[in-house]
Amino acid sequence: MKPIHIWYRTFQAVFNIAARALPWRKAQTIEGAGSISEIPALLKKAGVIKPLVVTDPGLVGAGIAGKITDALAAAGVSYAFYSEVEPNPSVTTVDKITKLYHDKGCSGFIAIGGGSSMDAAKGAAARVTKPKKTVNQLGGLLKVRKKTPPFIAVPTTSGTGSETTIAALITDQETHHKYAIMDLSLIPDYAILDPDLTVGLPPHITAMTGMDALTHAVEAYLCWTYNTKESIAFALDATRRIFANLETVYADGSDRNARLEMMVASYKAGFAFTRAGVGNIHAIAHTLGGLYNAAHGLANAVILPIVLEDYGDKVYAKLAMLADAAGIAKGVSDEEDAKLFISAIRGMNERMGIPKGFDFIREEDIPQMITWALKEANPIYPVPVIFDRERCRSVIEKIRV
């Protein structure tokens, strides 16, 4: 093992001990069709007089955001509204939301949407709490360390897990660098898992977000160092639910039972990776989001089988356990079951129209991608295989088509 790799593993061992003393918590879930009706009561319980509702233009146009604001209006709750969150939210967007929060005299957040809306609102919550810090200065681990305003997350996809994570992914529009603000204070107080909000989700978004959730579960399970009994159980259960339900909702978006199963899977996978970490898949995927505005779930879906295959025998035993959770293991050998698992992922991708790679990655961007990916992954992520620049380049070349 290289000296730098010894340092990484030492850091992870020490961090693991320290992390177990941190005040971890989970967002309280309210589950089931029509559960958005509980939001006014939750606001009252949290002492929020005027929430800032944060969402994106697509959800406004689809009438989904209006379902929540109608519920607020019917309960006599005054609110402010921001609906211009873009995919891969920028520093500028976070700053606009922060200013609106102060200008309108708000006292809490309701984030409606996928990861972008929740991440933008979380970034603003961090800035409200630390007003003297810029978004860039808050990037990294445990830079907030103070209680943020009450936060209700209302996911409308089943993938990002942002309704229970410590992270807010923000893109610096000047450098195109996508990075995370990570702090326990950013875990939402409540997560509303209402399948009615996902019934109209287009099949391609259902596919991308579902594979995003699977990537969370798989990477969390492989990042063994920080795992707890609960995060291991959540990762396995999320994997089981995704394999059982993702293609069902892809084919029939109106299946509310399967939709709820996917929402629970996303939540559990989100908790699992919040506690255990992600890895090289996410580190590379974030570079695609920053440089090319690639959808995060799509990037993860494409990269997932490529990196798992690259890990080789270092992950056979754990992938065999995931294959068993997915109901596809044959039990002959860990290697065979691991390869069955990777093949099953590729099969799902193909059946749901997810490409095998990307043709937009420019050769001149690869050195920057490698630098960003390795800096993100090391030393914090307890990856099963530590990539050096050569190995990272090899993986990126396999992603290009």
# chains A, B, ... in the order shown; residues from 1 in each chain; ligands from 1
$ select_by_dssp --residues "stretch 198-394 of chain A" --states "alpha helix (DSSP H)" --output "ChimeraX atom specification"
/A:203-222,229-251,256-276,280-292,296-311,316-326,334-351,366-377,389-394
$ closest_atom_pairs --of "stretch 172-230 of chain A" --to "stretch 234-238 of chain A" --cutoff "12 Å" --atoms "only C-alpha atoms" --output "JSON lines"
{"residue": "A:Gly210", "atom": "CA", "partner": "A:Ala238", "partner_atom": "CA", "distance": 10.5}
{"residue": "A:Met211", "atom": "CA", "partner": "A:Ala238", "partner_atom": "CA", "distance": 11.3}
{"residue": "A:Asp212", "atom": "CA", "partner": "A:Ala238", "partner_atom": "CA", "distance": 11.6}
{"residue": "A:Ala213", "atom": "CA", "partner": "A:Ala238", "partner_atom": "CA", "distance": 8.0}
{"residue": "A:Leu214", "atom": "CA", "partner": "A:Ala238", "partner_atom": "CA", "distance": 7.4}
{"residue": "A:Thr215", "atom": "CA", "partner": "A:Ala235", "partner_atom": "CA", "distance": 10.0}
{"residue": "A:His216", "atom": "CA", "partner": "A:Ala235", "partner_atom": "CA", "distance": 8.0}
{"residue": "A:Ala217", "atom": "CA", "partner": "A:Ala235", "partner_atom": "CA", "distance": 4.6}
{"residue": "A:Val218", "atom": "CA", "partner": "A:Ala235", "partner_atom": "CA", "distance": 6.9}
{"residue": "A:Glu219", "atom": "CA", "partner": "A:Ala235", "partner_atom": "CA", "distance": 8.9}
{"residue": "A:Ala220", "atom": "CA", "partner": "A:Ala235", "partner_atom": "CA", "distance": 6.7}
{"residue": "A:Tyr221", "atom": "CA", "partner": "A:Ala235", "partner_atom": "CA", "distance": 6.0}
{"residue": "A:Leu222", "atom": "CA", "partner": "A:Ala235", "partner_atom": "CA", "distance": 9.7}
{"residue": "A:Cys223", "atom": "CA", "partner": "A:Ala235", "partner_atom": "CA", "distance": 11.0}
{"residue": "A:Trp224", "atom": "CA", "partner": "A:Ala235", "partner_atom": "CA", "distance": 11.3}
{"residue": "A:Asn227", "atom": "CA", "partner": "A:Ala235", "partner_atom": "CA", "distance": 9.9}
{"residue": "A:Thr228", "atom": "CA", "partner": "A:Phe234", "partner_atom": "CA", "distance": 9.8}
{"residue": "A:Lys229", "atom": "CA", "partner": "A:Phe234", "partner_atom": "CA", "distance": 8.6}
{"residue": "A:Glu230", "atom": "CA", "partner": "A:Phe234", "partner_atom": "CA", "distance": 6.1}
$ residues_around --residues "A:Glu261" --least-positions-apart "3" --cutoff "7 Å" --atoms "only C-alpha atoms" --output "number ranges by chain"
A: 241, 245, 257-258, 264-265
$ select_by_dssp --residues "stretch 131-307 of chain A" --states "strand (DSSP E)" --output "list in words"
Gly140, Leu141, Phe151, Ile152, Ala153, Val154, Pro155, Ala167, Ala168, Leu169, Ile170, Thr171, Asp172, His177, Lys178, Tyr179, Ala180, Ile181, Met182, Tyr190, Ala191, Ile192 and Leu193 of chain A
$ closest_residue --among "A:Gly32, A:Pro384, A:Pro89, A:Pro305" --to "A:Gln173" --atoms "only C-alpha atoms"
A:Pro89
$ closest_residue --among "A:Ala80, A:Phe271, A:His204, A:Val91" --to "A:Gly297" --atoms "only C-alpha atoms"
A:His204
$ residues_around --residues "A:Lys146" --least-positions-apart "3" --cutoff "10 Å" --atoms "only C-alpha atoms" --output "MDAnalysis selection string"
chainID A and resid 126 129:130 142:143 149 183:186
$ write_last_selection --atoms "N, CA and C atoms" --output "CSV table (one decimal), in the first residue's frame"
chain,number,residue,atom,x,y,z
A,126,ALA,N,-28.2,26.8,5.4
A,126,ALA,CA,-26.9,26.9,5.9
A,126,ALA,C,-26.4,28.4,5.9
A,129,THR,N,-28.1,30.4,8.7
A,129,THR,CA,-27.5,30.0,9.9
A,129,THR,C,-26.1,30.7,10.1
A,130,LYS,N,-25.4,30.7,9.0
A,130,LYS,CA,-24.0,31.3,9.0
A,130,LYS,C,-23.9,32.4,8.0
A,142,LEU,N,-18.8,19.6,8.0
A,142,LEU,CA,-19.1,20.2,9.3
A,142,LEU,C,-18.7,21.6,9.4
A,143,LYS,N,-19.1,22.4,8.4
A,143,LYS,CA,-18.8,23.9,8.4
A,143,LYS,C,-19.9,24.7,9.0
A,149,PRO,N,-32.9,26.6,10.4
A,149,PRO,CA,-34.3,26.7,10.6
A,149,PRO,C,-35.1,25.4,10.3
A,183,ASP,N,-23.2,18.7,6.6
A,183,ASP,CA,-23.4,18.9,8.1
A,183,ASP,C,-24.6,18.3,8.6
A,184,LEU,N,-24.5,17.7,9.8
A,184,LEU,CA,-25.7,17.1,10.4
A,184,LEU,C,-26.9,18.0,10.6
A,185,SER,N,-26.6,19.3,10.7
A,185,SER,CA,-27.7,20.2,10.9
A,185,SER,C,-28.6,20.3,9.6
A,186,LEU,N,-28.1,19.8,8.5
A,186,LEU,CA,-28.8,19.9,7.2
A,186,LEU,C,-29.8,18.8,7.0
$ closest_residue --among "A:Ile303, A:Ile345, A:Ala180, A:Leu193" --to "A:Gly113" --atoms "only C-alpha atoms"
A:Leu193
$ atom_distance --atom1 "atom CA of A:Leu141" --atom2 "atom CA of A:Tyr179"
10.7 Å
$ residues_around --residues "A:Ser83" --least-positions-apart "6" --cutoff "12 Å" --atoms "only C-alpha atoms" --output "PDB file with N, CA and C atoms, in the first residue's frame"
ATOM      1  N   LEU A  52     -40.724  29.410   3.731  1.00  0.00           N
ATOM      2  CA  LEU A  52     -40.350  29.690   2.348  1.00  0.00           C
ATOM      3  C   LEU A  52     -40.444  28.371   1.588  1.00  0.00           C
ATOM      4  N   VAL A  53     -41.316  28.335   0.599  1.00  0.00           N
ATOM      5  CA  VAL A  53     -41.488  27.147  -0.236  1.00  0.00           C
ATOM      6  C   VAL A  53     -40.511  27.241  -1.396  1.00  0.00           C
ATOM      7  N   VAL A  54     -39.680  26.216  -1.552  1.00  0.00           N
ATOM      8  CA  VAL A  54     -38.655  26.197  -2.594  1.00  0.00           C
ATOM      9  C   VAL A  54     -38.931  25.031  -3.532  1.00  0.00           C
ATOM     10  N   THR A  55     -39.003  25.335  -4.840  1.00  0.00           N
ATOM     11  CA  THR A  55     -39.299  24.286  -5.816  1.00  0.00           C
ATOM     12  C   THR A  55     -38.724  24.685  -7.169  1.00  0.00           C
ATOM     13  N   ASP A  56     -39.123  23.954  -8.223  1.00  0.00           N
ATOM     14  CA  ASP A  56     -38.595  24.253  -9.555  1.00  0.00           C
ATOM     15  C   ASP A  56     -39.739  24.522 -10.531  1.00  0.00           C
ATOM     16  N   PRO A  57     -39.445  25.113 -11.697  1.00  0.00           N
ATOM     17  CA  PRO A  57     -40.505  25.478 -12.641  1.00  0.00           C
ATOM     18  C   PRO A  57     -41.323  24.286 -13.139  1.00  0.00           C
ATOM     19  N   GLY A  58     -40.681  23.145 -13.303  1.00  0.00           N
ATOM     20  CA  GLY A  58     -41.393  21.972 -13.782  1.00  0.00           C
ATOM     21  C   GLY A  58     -42.496  21.524 -12.851  1.00  0.00           C
ATOM     22  N   LEU A  59     -42.239  21.583 -11.570  1.00  0.00           N
ATOM     23  CA  LEU A  59     -43.243  21.161 -10.588  1.00  0.00           C
ATOM     24  C   LEU A  59     -44.364  22.187 -10.467  1.00  0.00           C
ATOM     25  N   VAL A  60     -44.042  23.447 -10.747  1.00  0.00           N
ATOM     26  CA  VAL A  60     -45.100  24.460 -10.783  1.00  0.00           C
ATOM     27  C   VAL A  60     -45.999  24.192 -11.993  1.00  0.00           C
ATOM     28  N   GLY A  61     -45.377  23.964 -13.152  1.00  0.00           N
ATOM     29  CA  GLY A  61     -46.149  23.703 -14.354  1.00  0.00           C
ATOM     30  C   GLY A  61     -46.981  22.441 -14.276  1.00  0.00           C
ATOM     31  N   ILE A  64     -47.881  20.223  -9.184  1.00  0.00           N
ATOM     32  CA  ILE A  64     -47.529  19.501  -7.954  1.00  0.00           C
ATOM     33  C   ILE A  64     -47.224  20.472  -6.820  1.00  0.00           C
ATOM     34  N   ALA A  65     -46.459  21.512  -7.114  1.00  0.00           N
ATOM     35  CA  ALA A  65     -46.165  22.504  -6.069  1.00  0.00           C
ATOM     36  C   ALA A  65     -47.454  23.146  -5.569  1.00  0.00           C
ATOM     37  N   GLY A  66     -48.414  23.337  -6.478  1.00  0.00           N
ATOM     38  CA  GLY A  66     -49.684  23.948  -6.095  1.00  0.00           C
ATOM     39  C   GLY A  66     -50.475  23.127  -5.097  1.00  0.00           C
ATOM     40  N   THR A  69     -49.030  24.319  -1.768  1.00  0.00           N
ATOM     41  CA  THR A  69     -49.398  25.694  -1.433  1.00  0.00           C
ATOM     42  C   THR A  69     -50.904  25.823  -1.208  1.00  0.00           C
ATOM     43  N   THR A  93     -28.265  30.754  -7.163  1.00  0.00           N
ATOM     44  CA  THR A  93     -29.617  30.378  -6.741  1.00  0.00           C
ATOM     45  C   THR A  93     -29.720  30.306  -5.228  1.00  0.00           C
ATOM     46  N   LYS A  96     -29.947  33.779  -3.885  1.00  0.00           N
ATOM     47  CA  LYS A  96     -31.262  34.385  -4.129  1.00  0.00           C
ATOM     48  C   LYS A  96     -32.292  33.877  -3.118  1.00  0.00           C
ATOM     49  N   ILE A  97     -32.260  32.585  -2.851  1.00  0.00           N
ATOM     50  CA  ILE A  97     -33.203  32.002  -1.886  1.00  0.00           C
ATOM     51  C   ILE A  97     -32.947  32.567  -0.492  1.00  0.00           C
ATOM     52  N   LEU A 100     -34.344  36.092  -0.306  1.00  0.00           N
ATOM     53  CA  LEU A 100     -35.810  36.077  -0.238  1.00  0.00           C
ATOM     54  C   LEU A 100     -36.283  35.662   1.147  1.00  0.00           C
ATOM     55  N   ILE A 110     -39.832  24.780   3.279  1.00  0.00           N
ATOM     56  CA  ILE A 110     -40.474  23.598   2.700  1.00  0.00           C
ATOM     57  C   ILE A 110     -39.852  23.423   1.322  1.00  0.00           C
ATOM     58  N   ALA A 111     -39.140  22.320   1.118  1.00  0.00           N
ATOM     59  CA  ALA A 111     -38.509  22.054  -0.171  1.00  0.00           C
ATOM     60  C   ALA A 111     -39.298  20.980  -0.891  1.00  0.00           C
ATOM     61  N   ILE A 112     -39.737  21.294  -2.109  1.00  0.00           N
ATOM     62  CA  ILE A 112     -40.563  20.384  -2.903  1.00  0.00           C
ATOM     63  C   ILE A 112     -39.806  20.019  -4.166  1.00  0.00           C
ATOM     64  N   GLY A 113     -39.593  18.730  -4.381  1.00  0.00           N
ATOM     65  CA  GLY A 113     -38.960  18.327  -5.628  1.00  0.00           C
ATOM     66  C   GLY A 113     -37.985  17.193  -5.452  1.00  0.00           C
ATOM     67  N   SER A 116     -32.385  18.678  -6.438  1.00  0.00           N
ATOM     68  CA  SER A 116     -31.999  20.061  -6.730  1.00  0.00           C
ATOM     69  C   SER A 116     -32.709  21.051  -5.816  1.00  0.00           C
ATOM     70  N   SER A 117     -34.030  20.933  -5.682  1.00  0.00           N
ATOM     71  CA  SER A 117     -34.780  21.858  -4.826  1.00  0.00           C
ATOM     72  C   SER A 117     -34.366  21.709  -3.365  1.00  0.00           C
ATOM     73  N   MET A 118     -34.210  20.464  -2.937  1.00  0.00           N
ATOM     74  CA  MET A 118     -33.832  20.250  -1.540  1.00  0.00           C
ATOM     75  C   MET A 118     -32.418  20.739  -1.267  1.00  0.00           C
ATOM     76  N   ALA A 120     -30.795  23.134  -2.894  1.00  0.00           N
ATOM     77  CA  ALA A 120     -30.787  24.599  -2.918  1.00  0.00           C
ATOM     78  C   ALA A 120     -31.328  25.165  -1.607  1.00  0.00           C
ATOM     79  N   ALA A 121     -32.421  24.575  -1.108  1.00  0.00           N
ATOM     80  CA  ALA A 121     -33.005  25.043   0.148  1.00  0.00           C
ATOM     81  C   ALA A 121     -32.075  24.761   1.325  1.00  0.00           C
TER      82      ALA A 121
END
$ atom_distance --atom1 "atom CA of A:Ser254" --atom2 "atom CA of A:Leu201"
9.2 Å
$ closest_residue --among "A:Ala207, A:Met1, A:Leu43, A:Met182" --to "A:Pro150" --atoms "only C-alpha atoms"
A:Leu43
